[in-house]
file coords08.cif (mmCIF, C-alpha atoms (C1' of nucleotides))
data_target
loop_
_atom_site.label_atom_id
_atom_site.label_comp_id
_atom_site.auth_asym_id
_atom_site.auth_seq_id
_atom_site.Cartn_x
_atom_site.Cartn_y
_atom_site.Cartn_z
CA MET A 1 -11.12 20.41 39.36
CA ASN A 2 -8.32 22.77 40.26
CA LEU A 3 -6.82 25.24 37.89
CA ARG A 4 -3.66 23.24 38.41
CA GLU A 5 -5.30 19.99 37.45
CA ARG A 6 -7.01 21.53 34.47
CA LYS A 7 -3.72 22.89 33.23
CA LYS A 8 -2.08 19.54 33.70
CA LEU A 9 -4.69 17.77 31.66
CA GLU A 10 -4.46 20.47 29.03
CA ALA A 11 -0.70 20.16 28.82
CA TRP A 12 -0.94 16.38 28.60
CA ARG A 13 -3.35 16.63 25.71
CA ALA A 14 -1.36 19.33 23.95
CA ILE A 15 1.77 17.21 24.06
CA ARG A 16 0.03 14.10 22.87
CA ALA A 17 -1.82 15.92 20.11
CA ALA A 18 1.38 17.50 18.85
CA ALA A 19 3.24 14.23 19.01
CA LEU A 20 0.62 12.21 17.17
CA ARG A 21 0.32 14.84 14.49
CA LEU A 22 4.08 14.87 13.89
CA PHE A 23 4.35 11.09 14.02
CA ASP A 24 1.57 10.78 11.51
CA GLU A 25 3.22 13.26 9.19
CA ARG A 26 6.83 12.10 9.36
CA GLY A 27 6.87 8.75 11.10
CA PHE A 28 7.76 7.85 14.67
CA GLU A 29 11.52 7.66 14.36
CA SER A 30 11.96 10.84 12.35
CA VAL A 31 10.48 12.97 15.12
CA SER A 32 12.58 13.77 18.16
CA VAL A 33 11.29 14.51 21.62
CA GLU A 34 12.68 18.00 21.26
CA GLN A 35 10.55 18.62 18.22
CA ILE A 36 7.47 17.35 20.00
CA ALA A 37 8.14 19.58 22.96
CA ALA A 38 8.67 22.57 20.70
CA ALA A 39 5.42 21.88 18.83
CA ALA A 40 3.57 21.67 22.13
CA ASN A 41 5.21 24.81 23.52
CA VAL A 42 6.82 23.08 26.45
CA SER A 43 10.37 22.16 27.30
CA ARG A 44 11.92 18.78 26.74
CA ALA A 45 12.01 18.21 30.48
CA THR A 46 8.28 18.78 30.70
CA PHE A 47 7.65 16.17 28.07
CA PHE A 48 9.33 13.58 30.26
CA ASN A 49 7.34 14.91 33.17
CA TYR A 50 4.19 13.71 31.45
CA PHE A 51 5.40 10.70 29.50
CA ALA A 52 7.90 8.15 30.68
CA SER A 53 9.27 7.59 27.19
CA LYS A 54 8.80 8.53 23.59
CA GLU A 55 6.77 5.37 23.05
CA ALA A 56 4.48 6.16 25.96
CA VAL A 57 3.01 9.12 24.11
CA VAL A 58 1.64 6.69 21.55
CA PHE A 59 0.27 4.15 23.99
CA ASP A 60 -0.75 5.99 27.16
CA GLN A 61 -4.41 6.63 27.65
CA ASP A 62 -6.06 9.91 28.38
CA PRO A 63 -6.15 10.26 32.15
CA GLN A 64 -9.92 10.62 32.09
CA GLU A 65 -10.34 7.37 30.18
CA ARG A 66 -8.92 5.55 33.11
CA GLU A 67 -11.82 6.55 35.32
CA ASN A 68 -14.19 5.24 32.69
CA TRP A 69 -12.83 1.74 32.57
CA GLN A 70 -12.36 1.57 36.30
CA ALA A 71 -16.02 2.44 36.75
CA MET A 72 -16.88 -0.14 34.13
CA MET A 73 -14.98 -2.85 35.97
CA ASN A 74 -16.55 -2.05 39.28
CA ALA A 75 -20.00 -2.04 37.70
CA ARG A 76 -19.87 -5.76 36.90
CA PRO A 77 -22.16 -7.70 39.24
CA ALA A 78 -20.20 -9.55 41.90
CA ASP A 79 -21.86 -12.88 41.23
CA GLU A 80 -21.14 -12.89 37.49
CA PRO A 81 -18.74 -15.64 36.37
CA LEU A 82 -15.26 -14.19 35.98
CA TRP A 83 -14.97 -15.03 32.32
CA ASP A 84 -18.24 -13.32 31.47
CA SER A 85 -17.06 -10.20 33.23
CA LEU A 86 -13.74 -10.34 31.44
CA THR A 87 -15.28 -10.65 27.99
CA ALA A 88 -17.67 -7.80 28.68
CA ILE A 89 -14.88 -5.59 30.01
CA MET A 90 -12.57 -6.43 27.14
CA MET A 91 -15.19 -5.70 24.51
CA ALA A 92 -16.20 -2.42 26.12
CA PHE A 93 -12.60 -1.31 26.49
CA ASN A 94 -11.81 -2.04 22.88
CA GLU A 95 -14.92 -0.39 21.54
CA ARG A 96 -13.73 2.82 23.07
CA LEU A 97 -10.47 2.66 21.11
CA ALA A 98 -12.22 3.12 17.78
CA ASP A 99 -10.61 6.46 17.04
CA ARG A 100 -7.08 5.91 18.32
CA MET A 101 -6.36 2.35 17.34
CA PRO A 102 -6.22 2.88 13.57
CA LEU A 103 -3.70 5.68 13.93
CA GLN A 104 -1.60 3.70 16.37
CA ARG A 105 -1.71 0.84 13.93
CA ARG A 106 -0.61 2.97 11.01
CA LEU A 107 2.34 4.23 13.01
CA LYS A 108 3.34 0.72 14.00
CA ALA A 109 3.19 -0.42 10.41
CA ARG A 110 5.57 2.31 9.34
CA SER A 111 7.98 2.06 12.24
CA PRO A 112 9.60 -1.22 13.25
CA ALA A 113 10.94 0.28 16.46
CA LEU A 114 7.45 1.11 17.59
CA ALA A 115 6.06 -2.27 16.57
CA GLN A 116 8.78 -4.07 18.49
CA SER A 117 8.09 -2.04 21.56
CA THR A 118 6.47 -4.16 24.21
CA GLN A 119 4.31 -1.28 25.12
CA ASP A 120 0.70 -1.58 24.30
CA PHE A 121 -2.62 0.12 24.79
CA GLY A 122 -3.12 -2.52 27.41
CA GLU A 123 -0.24 -1.42 29.61
CA GLN A 124 -2.16 0.75 32.03
CA PHE A 125 -5.43 -1.02 31.42
CA SER A 126 -3.91 -4.41 32.11
CA SER A 127 -2.48 -3.17 35.34
CA ASP A 128 -5.88 -1.98 36.50
CA LEU A 129 -7.52 -5.12 35.21
CA ARG A 130 -5.12 -7.20 37.19
CA ASP A 131 -5.95 -5.34 40.35
CA TRP A 132 -9.64 -5.74 39.68
CA VAL A 133 -9.31 -9.47 39.03
CA MET A 134 -7.28 -9.96 42.15
CA THR A 135 -9.77 -8.32 44.47
CA ARG A 136 -12.67 -9.89 42.58
CA THR A 137 -11.34 -13.42 43.10
CA ARG A 138 -9.72 -13.01 46.46
CA GLY A 139 -9.24 -16.29 48.24
CA GLN A 140 -9.91 -18.40 45.20
CA ASP A 141 -7.45 -20.15 42.91
CA GLU A 142 -5.12 -17.30 42.05
CA MET A 143 -3.41 -18.84 39.09
CA THR A 144 -6.64 -19.71 37.36
CA ALA A 145 -7.83 -16.15 37.78
CA LEU A 146 -4.55 -14.88 36.37
CA LEU A 147 -4.85 -17.34 33.52
CA GLN A 148 -8.31 -16.19 32.57
CA MET A 149 -7.23 -12.58 32.59
CA ASN A 150 -4.33 -13.41 30.32
CA LEU A 151 -6.60 -15.40 28.05
CA ALA A 152 -8.81 -12.38 27.58
CA ARG A 153 -5.77 -10.32 26.68
CA THR A 154 -4.59 -13.00 24.30
CA ALA A 155 -7.94 -12.94 22.54
CA ALA A 156 -7.42 -9.24 21.93
CA ALA A 157 -3.84 -9.73 20.81
CA THR A 158 -4.88 -12.42 18.37
CA ALA A 159 -7.70 -10.38 16.89
CA TYR A 160 -5.22 -7.56 16.50
CA GLN A 161 -2.69 -9.76 14.74
CA ALA A 162 -5.34 -11.00 12.35
CA TRP A 163 -6.49 -7.48 11.56
CA GLN A 164 -5.64 -6.95 7.90
CA ALA A 165 -4.39 -3.57 6.73
CA ASP A 166 -7.40 -2.70 4.62
CA GLU A 167 -10.10 -3.74 7.04
CA PRO A 168 -12.18 -1.32 9.10
CA PHE A 169 -12.07 -1.21 12.86
CA ASP A 170 -15.33 -3.12 13.08
CA ALA A 171 -13.70 -6.16 11.57
CA TYR A 172 -11.27 -6.16 14.46
CA LEU A 173 -14.07 -5.91 16.99
CA ARG A 174 -15.98 -8.77 15.44
CA ARG A 175 -12.89 -10.93 15.48
CA LEU A 176 -12.25 -10.04 19.08
CA GLN A 177 -15.73 -11.24 19.94
CA ARG A 178 -15.13 -14.46 18.10
CA CYS A 179 -11.80 -15.05 19.79
CA LEU A 180 -13.30 -14.51 23.22
CA GLN A 181 -16.03 -17.00 22.47
CA GLN A 182 -13.59 -19.57 21.14
CA VAL A 183 -11.36 -19.29 24.15
CA GLY A 184 -14.30 -19.59 26.49
CA ALA A 185 -15.51 -22.72 24.74
CA GLY A 186 -12.16 -24.46 24.88
CA VAL A 187 -9.57 -25.21 22.29
CA ALA A 188 -10.96 -26.33 18.96
CA THR A 189 -9.52 -29.32 17.17
CA ILE A 190 -7.44 -28.36 14.16
CA MET B 1 32.11 -25.94 10.39
CA ASN B 2 34.52 -23.30 9.16
CA LEU B 3 37.17 -21.74 11.31
CA ARG B 4 35.27 -18.55 10.67
CA GLU B 5 32.00 -19.97 11.90
CA ARG B 6 33.63 -21.53 14.91
CA LYS B 7 35.15 -18.20 15.82
CA LYS B 8 31.81 -16.51 15.42
CA LEU B 9 30.09 -18.90 17.76
CA GLU B 10 32.95 -18.60 20.18
CA ALA B 11 32.77 -14.82 20.16
CA TRP B 12 29.00 -14.94 20.65
CA ARG B 13 29.39 -17.14 23.67
CA ALA B 14 32.26 -15.15 25.10
CA ILE B 15 30.23 -11.97 24.92
CA ARG B 16 27.16 -13.50 26.45
CA ALA B 17 29.11 -15.21 29.20
CA ALA B 18 30.89 -12.01 30.11
CA ALA B 19 27.65 -10.05 30.05
CA LEU B 20 25.70 -12.46 32.21
CA ARG B 21 28.50 -12.66 34.70
CA LEU B 22 28.69 -8.90 35.04
CA PHE B 23 24.91 -8.51 35.16
CA ASP B 24 24.70 -11.09 37.88
CA GLU B 25 27.40 -9.38 39.90
CA ARG B 26 26.35 -5.76 39.54
CA GLY B 27 22.86 -5.71 38.04
CA PHE B 28 21.72 -5.04 34.51
CA GLU B 29 21.67 -1.25 34.55
CA SER B 30 25.00 -0.81 36.30
CA VAL B 31 26.88 -2.53 33.51
CA SER B 32 27.51 -0.67 30.27
CA VAL B 33 27.96 -2.21 26.86
CA GLU B 34 31.51 -0.91 26.87
CA GLN B 35 32.29 -2.86 30.02
CA ILE B 36 30.80 -6.00 28.55
CA ALA B 37 32.84 -5.61 25.40
CA ALA B 38 35.99 -5.03 27.40
CA ALA B 39 35.34 -8.11 29.54
CA ALA B 40 34.85 -10.18 26.40
CA ASN B 41 37.92 -8.74 24.69
CA VAL B 42 36.05 -7.28 21.77
CA SER B 43 35.18 -3.77 20.75
CA ARG B 44 31.90 -2.06 21.44
CA ALA B 45 31.05 -2.20 17.74
CA THR B 46 31.49 -5.94 17.74
CA PHE B 47 29.06 -6.31 20.58
CA PHE B 48 26.36 -4.73 18.46
CA ASN B 49 27.43 -6.96 15.62
CA TYR B 50 26.27 -9.93 17.65
CA PHE B 51 23.43 -8.50 19.71
CA ALA B 52 20.88 -5.99 18.55
CA SER B 53 20.60 -4.38 21.95
CA LYS B 54 21.80 -4.63 25.50
CA GLU B 55 18.61 -6.51 26.40
CA ALA B 56 19.14 -9.02 23.60
CA VAL B 57 22.18 -10.44 25.36
CA VAL B 58 19.88 -11.56 28.16
CA PHE B 59 17.14 -13.02 26.00
CA ASP B 60 18.71 -14.30 22.80
CA GLN B 61 19.21 -18.01 22.53
CA ASP B 62 22.38 -19.81 21.70
CA PRO B 63 22.47 -20.18 17.89
CA GLN B 64 22.71 -23.94 18.23
CA GLU B 65 19.62 -24.13 20.41
CA ARG B 66 17.60 -22.87 17.55
CA GLU B 67 18.32 -25.94 15.47
CA ASN B 68 17.15 -28.05 18.39
CA TRP B 69 13.70 -26.60 18.66
CA GLN B 70 13.25 -26.39 14.93
CA ALA B 71 13.97 -30.09 14.69
CA MET B 72 11.58 -30.68 17.56
CA MET B 73 8.79 -28.83 15.79
CA ASN B 74 9.28 -30.67 12.56
CA ALA B 75 9.32 -33.99 14.41
CA ARG B 76 5.68 -33.66 15.47
CA PRO B 77 3.49 -36.05 13.46
CA ALA B 78 1.50 -34.24 10.78
CA ASP B 79 -1.81 -35.72 11.84
CA GLU B 80 -1.51 -34.75 15.50
CA PRO B 81 -4.09 -32.19 16.63
CA LEU B 82 -2.52 -28.75 16.66
CA TRP B 83 -3.08 -28.15 20.34
CA ASP B 84 -1.39 -31.39 21.30
CA SER B 85 1.61 -30.45 19.23
CA LEU B 86 1.69 -27.01 20.77
CA THR B 87 1.60 -28.29 24.32
CA ALA B 88 4.33 -30.80 23.62
CA ILE B 89 6.50 -28.19 21.92
CA MET B 90 5.95 -25.65 24.65
CA MET B 91 6.80 -28.11 27.40
CA ALA B 92 9.92 -29.33 25.66
CA PHE B 93 11.11 -25.81 24.92
CA ASN B 94 10.67 -24.72 28.50
CA GLU B 95 12.33 -27.80 29.95
CA ARG B 96 15.46 -26.82 28.09
CA LEU B 97 15.52 -23.45 29.81
CA ALA B 98 16.18 -24.94 33.21
CA ASP B 99 19.62 -23.43 33.58
CA ARG B 100 19.09 -20.00 32.08
CA MET B 101 15.63 -19.06 33.27
CA PRO B 102 16.44 -18.70 36.97
CA LEU B 103 19.29 -16.31 36.21
CA GLN B 104 17.19 -14.33 33.77
CA ARG B 105 14.50 -14.15 36.41
CA ARG B 106 16.88 -12.95 39.09
CA LEU B 107 18.08 -10.18 36.78
CA LYS B 108 14.53 -9.15 35.98
CA ALA B 109 13.66 -9.00 39.64
CA ARG B 110 16.52 -6.65 40.33
CA SER B 111 16.14 -4.45 37.29
CA PRO B 112 12.83 -2.83 36.41
CA ALA B 113 14.15 -1.75 33.01
CA LEU B 114 14.78 -5.32 32.06
CA ALA B 115 11.45 -6.51 33.40
CA GLN B 116 9.59 -3.88 31.41
CA SER B 117 11.39 -4.83 28.25
CA THR B 118 9.04 -6.47 25.82
CA GLN B 119 11.79 -8.84 24.90
CA ASP B 120 11.41 -12.38 26.02
CA PHE B 121 12.98 -15.77 25.71
CA GLY B 122 10.12 -16.38 23.32
CA GLU B 123 11.14 -13.72 20.86
CA GLN B 124 13.06 -15.90 18.43
CA PHE B 125 11.24 -19.04 19.44
CA SER B 126 7.85 -17.45 18.89
CA SER B 127 8.86 -16.33 15.47
CA ASP B 128 9.86 -19.85 14.48
CA LEU B 129 6.79 -21.26 16.15
CA ARG B 130 4.62 -18.95 14.16
CA ASP B 131 6.19 -20.08 10.91
CA TRP B 132 5.76 -23.68 11.91
CA VAL B 133 2.10 -23.19 12.82
CA MET B 134 1.42 -21.39 9.57
CA THR B 135 2.81 -24.08 7.33
CA ARG B 136 1.32 -26.78 9.57
CA THR B 137 -2.22 -25.39 9.22
CA ARG B 138 -2.03 -24.04 5.71
CA GLY B 139 -5.46 -23.62 4.14
CA GLN B 140 -7.32 -23.97 7.40
CA ASP B 141 -8.81 -21.30 9.61
CA GLU B 142 -5.84 -19.01 10.05
CA MET B 143 -7.11 -17.03 12.98
CA THR B 144 -7.92 -20.09 15.03
CA ALA B 145 -4.43 -21.42 14.44
CA LEU B 146 -2.98 -18.08 15.50
CA LEU B 147 -5.23 -18.11 18.53
CA GLN B 148 -4.07 -21.51 19.66
CA MET B 149 -0.46 -20.54 19.28
CA ASN B 150 -1.04 -17.45 21.38
CA LEU B 151 -2.91 -19.48 23.97
CA ALA B 152 0.09 -21.74 24.38
CA ARG B 153 2.30 -18.71 24.88
CA THR B 154 -0.18 -17.28 27.37
CA ALA B 155 -0.07 -20.49 29.36
CA ALA B 156 3.68 -20.06 29.65
CA ALA B 157 3.37 -16.39 30.52
CA THR B 158 0.85 -17.16 33.22
CA ALA B 159 2.91 -19.92 34.75
CA TYR B 160 5.83 -17.51 34.75
CA GLN B 161 3.83 -14.80 36.47
CA ALA B 162 2.71 -17.25 39.14
CA TRP B 163 6.25 -18.42 39.76
CA GLN B 164 7.10 -17.35 43.30
CA ALA B 165 10.57 -16.11 44.11
CA ASP B 166 11.53 -19.00 46.37
CA GLU B 167 10.22 -21.82 44.23
CA PRO B 168 12.43 -24.12 42.17
CA PHE B 169 12.25 -24.30 38.41
CA ASP B 170 10.24 -27.49 38.59
CA ALA B 171 7.37 -25.67 40.18
CA TYR B 172 7.22 -23.44 37.14
CA LEU B 173 7.19 -26.43 34.82
CA ARG B 174 4.40 -28.12 36.72
CA ARG B 175 2.34 -24.98 36.62
CA LEU B 176 2.95 -24.64 32.92
CA GLN B 177 1.60 -28.14 32.42
CA ARG B 178 -1.46 -27.30 34.44
CA CYS B 179 -2.08 -24.07 32.54
CA LEU B 180 -1.85 -25.84 29.22
CA GLN B 181 -4.34 -28.43 30.35
CA GLN B 182 -6.74 -25.84 31.68
CA VAL B 183 -6.64 -23.83 28.49
CA GLY B 184 -7.20 -26.93 26.42
CA ALA B 185 -10.20 -27.91 28.50
CA GLY B 186 -11.87 -24.53 28.22
CA VAL B 187 -12.35 -21.75 30.68
CA ALA B 188 -13.23 -22.85 34.17
CA THR B 189 -16.03 -21.15 36.05
CA ILE B 190 -14.78 -18.93 38.81
"C1'" DC C 1 52.50 -20.76 -1.79
"C1'" DA C 2 50.60 -16.25 -3.34
"C1'" DC C 3 47.04 -13.58 -4.54
"C1'" DG C 4 42.67 -11.03 -4.57
"C1'" DC C 5 38.21 -11.30 -2.42
"C1'" DA C 6 34.88 -11.63 1.06
"C1'" DT C 7 33.97 -11.10 5.73
"C1'" DC C 8 34.86 -9.44 10.48
"C1'" DT C 9 36.72 -6.16 13.67
"C1'" DT C 10 37.77 -1.70 15.24
"C1'" DG C 11 38.05 3.24 16.64
"C1'" DG C 12 35.86 7.28 16.39
"C1'" DA C 13 32.19 10.27 15.71
"C1'" DC C 14 27.35 11.32 15.81
"C1'" DG C 15 22.33 12.03 17.26
"C1'" DC C 16 19.15 11.05 20.47
"C1'" DC C 17 17.01 9.25 24.76
"C1'" DG C 18 16.24 9.49 29.53
"C1'" DT C 19 17.93 11.35 34.13
"C1'" DC C 20 19.29 14.80 37.20
"C1'" DT C 21 19.90 19.31 39.50
"C1'" DA C 22 19.39 23.88 40.72
"C1'" DA C 23 16.95 27.92 39.64
"C1'" DT C 24 12.68 30.05 38.42
"C1'" DA C 25 7.67 30.48 37.81
"C1'" DT C 26 3.01 29.40 39.05
"C1'" DT C 27 -0.78 27.98 41.90
"C1'" DC C 28 -2.71 26.89 46.42
"C1'" DG C 29 -4.32 27.45 51.12
"C1'" DA C 30 -4.69 30.18 54.99
"C1'" DT D 1 -0.91 38.79 50.94
"C1'" DC D 2 2.47 35.64 51.88
"C1'" DG D 3 4.72 31.24 52.50
"C1'" DA D 4 4.38 26.46 51.01
"C1'" DA D 5 3.66 23.22 47.54
"C1'" DT D 6 4.04 22.09 42.94
"C1'" DA D 7 5.37 22.76 37.82
"C1'" DT D 8 8.52 24.28 34.42
"C1'" DT D 9 12.87 25.10 32.59
"C1'" DA D 10 17.82 25.16 30.86
"C1'" DG D 11 21.73 22.76 30.86
"C1'" DA D 12 24.74 19.08 31.47
"C1'" DC D 13 25.63 14.21 31.59
"C1'" DG D 14 26.12 9.12 30.63
"C1'" DG D 15 24.74 5.68 27.77
"C1'" DC D 16 22.59 3.38 23.70
"C1'" DG D 17 22.49 2.36 18.96
"C1'" DT D 18 24.12 3.68 14.14
"C1'" DC D 19 27.39 4.67 10.81
"C1'" DC D 20 31.73 4.75 8.19
"C1'" DA D 21 36.31 4.09 6.62
"C1'" DA D 22 40.39 1.65 7.59
"C1'" DG D 23 42.64 -2.35 8.95
"C1'" DA D 24 42.87 -7.41 10.10
"C1'" DT D 25 41.68 -12.16 9.24
"C1'" DG D 26 40.16 -16.24 6.97
"C1'" DC D 27 38.75 -18.11 2.20
"C1'" DG D 28 39.00 -20.13 -2.50
"C1'" DT D 29 41.74 -20.06 -6.72
"C1'" DG D 30 45.73 -20.16 -9.77
#
call {"tool": "encode", "arguments": {"input": "coords08.cif", "output": "structure tokens"}}
result
Amino acid sequence: MNLRERKKLEAWRAIRAAALRLFDERGFESVSVEQIAAAANVSRATFFNYFASKEAVVFDQDPQERENWQAMMNARPADEPLWDSLTAIMMAFNERLADRMPLQRRLKARSPALAQSTQDFGEQFSSDLRDWVMTRTRGQDEMTALLQMNLARTAAATAYQAWQADEPFDAYLRRLQRCLQQVGAGVATI
Amino acid sequence: MNLRERKKLEAWRAIRAAALRLFDERGFESVSVEQIAAAANVSRATFFNYFASKEAVVFDQDPQERENWQAMMNARPADEPLWDSLTAIMMAFNERLADRMPLQRRLKARSPALAQSTQDFGEQFSSDLRDWVMTRTRGQDEMTALLQMNLARTAAATAYQAWQADEPFDAYLRRLQRCLQQVGAGVATI
DNA sequence: CACGCATCTTGGACGCCGTCTAATATTCGA
DNA sequence: TCGAATATTAGACGGCGTCCAAGATGCGTG
């Protein structure tokens, strides 16, 4: 790793750390990008060099995390049924969010603007997942593959919605597992 | 209906009509809220009195439409399985979008900012749908109800994603039907 | 009709976001 | 060691979304 690359990663982390600290103290909307930049000892322009928006600093993943999940995807055996791969990938991805998700959730609860934001932890992950699914199922029924991928994401979204304020992160994970199973088994009769 | 209420509806429609026309001519980002307001003969402040954001003017539904789908939801028989109700509601809702969805899609295709926006046609609809589902399944397994609702939305999202640029609206509707059926039947093995 | 009241509209100002450019600083490769 | 590639920065800009106080418009009552 270059000195340049090391510095980049360091700057990225400094900005995000400063931003999350300030957001946690004062709330998302009461902190301006200028204040974040100042706290991280960079200029406002540099902030936007690393993050596309103020919301992105809450949702973007550490650049090194990306390599992790990409490796995880590629490690799935090629002959595994797509849905089994998807559930395994989704569970593993979410387990790794144990430390960041509660904070992100607290911020969302306090700030409507952030909650409304379409952005999500999934943004980058979903993009990579889509690529993986597409190469994994090349030549087969494309829409069904797309559908299964979206179903896996919906399972996560539903478990997240059902996550009560006072519950620990584990409760979310257990619900995610249950949602994935339910979806795989077909719609229940209610 | 009051004169006041009639004027309100009229203003809402004038603003939206002007906005969509301008967006279609010049693209979403090249039209400012000021220009929309001017074209609709209202002030900039009035625009924000009717629409919460520039994106909202693309995605919000006509106030009268809302009564339609609410009536449709409440018309479902109480003893119908939830998933059957959801598929019927989702199909009927989407059929009514025949005229607006192609335009909205064209705008999205031309403007990345709009495409990225988390907003959706579903925004208001989903909120009402959620309320309907919650009262409809009161006392039963809440998470499963939530899950089914989200699955129906995912079916629509997937059909939308698979909608090729040159296809007519009907192709989207047919795919939506197929997605709903597939989800109801359980995940296929790929 | 006349009046006061509620609601809607409007201009103007404000803070902040996100983009851009041109100049400067830093690192890299040779 | 030096030129090329890349990162950082200040500053300016347009536009979005919010706010307020003043004026206009429709409403129910006497």
call {"tool": "residues_around", "arguments": {"input": "coords08.cif", "residues": "A:Leu129", "least_positions_apart": "2", "cutoff": "9 Å", "atoms": "only C-alpha atoms (C1' of nucleotides)", "output": "list in words"}}
result
Gln70, Met73, Leu86, Gln124, Phe125, Ser126, Ser127, Asp131, Trp132, Val133, Met134 and Met149 of chain A
call {"tool": "interface_residues", "arguments": {"input": "coords08.cif", "of": "chain D", "to": "chain B", "cutoff": "8 Å", "atoms": "only C-alpha atoms (C1' of nucleotides)", "output": "list in words"}}
result
DG15, DG17 and DG26 of chain D
call {"tool": "resolve_selection", "arguments": {"input": "coords08.cif", "expression": "the PyMOL selection byres ((chain A) within 9 of (chain B))", "output": "JSON, numbers by chain"}}
result
{"A": [80, 81, 82, 83, 116, 117, 118, 119, 137, 140, 141, 142, 143, 144, 145, 146, 147, 148, 150, 151, 153, 154, 155, 157, 158, 159, 161, 162, 175, 179, 182, 183, 184, 185, 186, 187, 188, 189, 190]}
call {"tool": "interface_residues", "arguments": {"input": "coords08.cif", "of": "chain C", "to": "chain B", "cutoff": "10 Å", "atoms": "only C-alpha atoms (C1' of nucleotides)", "output": "tab-separated table (two decimals) with C-alpha atoms (C1' of nucleotides), in the frame of the given file"}}
result
chain	number	residue	atom	x	y	z
C	7	DT	C1'	33.97	-11.10	5.73
C	8	DC	C1'	34.86	-9.44	10.48
C	9	DT	C1'	36.72	-6.16	13.67
C	10	DT	C1'	37.77	-1.70	15.24
C	11	DG	C1'	38.05	3.24	16.64
call {"tool": "atom_distance", "arguments": {"input": "coords08.cif", "atom1": "atom CA of A:Arg106", "atom2": "atom CA of A:Gly27"}}
result
9.5 Å
call {"tool": "residues_around", "arguments": {"input": "coords08.cif", "residues": "D:DC20", "least_positions_apart": "2", "cutoff": "10 Å", "atoms": "only C-alpha atoms (C1' of nucleotides)", "output": "list in words"}}
result
DG12 and DA13 of chain C; DT18 and DA22 of chain D
call {"tool": "residues_near_point", "arguments": {"input": "coords08.cif", "point": "(15.2, -13.4, 28.0)", "cutoff": "9 Å", "atoms": "all atoms listed in the file", "output": "JSON, numbers by chain"}}
result
{"B": [55, 56, 57, 58, 59, 60, 61, 100, 101, 104, 105, 119, 120, 121, 122, 123]}
call {"tool": "resolve_selection", "arguments": {"input": "coords08.cif", "expression": "the PyMOL selection byres ((chain B and resi 171-173) around 8)", "output": "JSON, numbers by chain"}}
result
{"B": [91, 94, 95, 159, 160, 162, 163, 167, 168, 169, 170, 174, 175, 176, 177]}
call {"tool": "write_last_selection", "arguments": {"input": "coords08.cif", "atoms": "C-alpha atoms", "output": "short mmCIF file (atom, residue, chain, number, x, y, z; two decimals), in the coordinates of the input"}}
result
data_model
loop_
_atom_site.label_atom_id
_atom_site.label_comp_id
_atom_site.auth_asym_id
_atom_site.auth_seq_id
_atom_site.Cartn_x
_atom_site.Cartn_y
_atom_site.Cartn_z
CA MET B 91 6.80 -28.11 27.40
CA ASN B 94 10.67 -24.72 28.50
CA GLU B 95 12.33 -27.80 29.95
CA ALA B 159 2.91 -19.92 34.75
CA TYR B 160 5.83 -17.51 34.75
CA ALA B 162 2.71 -17.25 39.14
CA TRP B 163 6.25 -18.42 39.76
CA GLU B 167 10.22 -21.82 44.23
CA PRO B 168 12.43 -24.12 42.17
CA PHE B 169 12.25 -24.30 38.41
CA ASP B 170 10.24 -27.49 38.59
CA ARG B 174 4.40 -28.12 36.72
CA ARG B 175 2.34 -24.98 36.62
CA LEU B 176 2.95 -24.64 32.92
CA GLN B 177 1.60 -28.14 32.42
#
call {"tool": "atom_distance", "arguments": {"input": "coords08.cif", "atom1": "atom CA of A:Ala75", "atom2": "atom CA of A:Ala92"}}
result
12.2 Å
call {"tool": "residues_around", "arguments": {"input": "coords08.cif", "residues": "D:DT29", "least_positions_apart": "6", "cutoff": "12 Å", "atoms": "all atoms listed in the file", "output": "list in words"}}
result
DC1, DA2, DC3, DG4 and DC5 of chain C
call {"tool": "residues_near_point", "arguments": {"input": "coords08.cif", "point": "(17.1, 12.9, 19.5)", "cutoff": "10 Å", "atoms": "only C-alpha atoms (C1' of nucleotides)", "output": "PDB file with C-alpha atoms (C1' of nucleotides), keeping the file's coordinate frame"}}
result
ATOM      1  CA  GLU A  29      11.520   7.660  14.360  1.00  0.00           C
ATOM      2  CA  SER A  30      11.960  10.840  12.350  1.00  0.00           C
ATOM      3  CA  VAL A  31      10.480  12.970  15.120  1.00  0.00           C
ATOM      4  CA  SER A  32      12.580  13.770  18.160  1.00  0.00           C
ATOM      5  CA  VAL A  33      11.290  14.510  21.620  1.00  0.00           C
ATOM      6  CA  GLU A  34      12.680  18.000  21.260  1.00  0.00           C
ATOM      7  CA  GLN A  35      10.550  18.620  18.220  1.00  0.00           C
TER       8      GLN A  35
ATOM      9  C1'  DG C  15      22.330  12.030  17.260  1.00  0.00           C
ATOM     10  C1'  DC C  16      19.150  11.050  20.470  1.00  0.00           C
ATOM     11  C1'  DC C  17      17.010   9.250  24.760  1.00  0.00           C
TER      12       DC C  17
END
call {"tool": "resolve_selection", "arguments": {"input": "coords08.cif", "expression": "the PyMOL selection byres ((chain D and resi 2) around 12)", "output": "list in words"}}
result
DC28, DG29 and DA30 of chain C; DT1, DG3 and DA4 of chain D
call {"tool": "residues_around", "arguments": {"input": "coords08.cif", "residues": "stretch 11-14 of chain D", "least_positions_apart": "4", "cutoff": "10 Å", "atoms": "all atoms listed in the file", "output": "list in words"}}
result
Ser32 of chain B; DG18, DT19, DC20 and DT21 of chain C
call {"tool": "atom_distance", "arguments": {"input": "coords08.cif", "atom1": "atom CA of B:Ala14", "atom2": "atom CA of B:Ala37"}}
result
9.6 Å
call {"tool": "residues_around", "arguments": {"input": "coords08.cif", "residues": "B:Arg16", "least_positions_apart": "2", "cutoff": "9 Å", "atoms": "all atoms listed in the file", "output": "PyMOL selection string"}}
result
chain B and resi 11-14+18-21+36+40+57-58
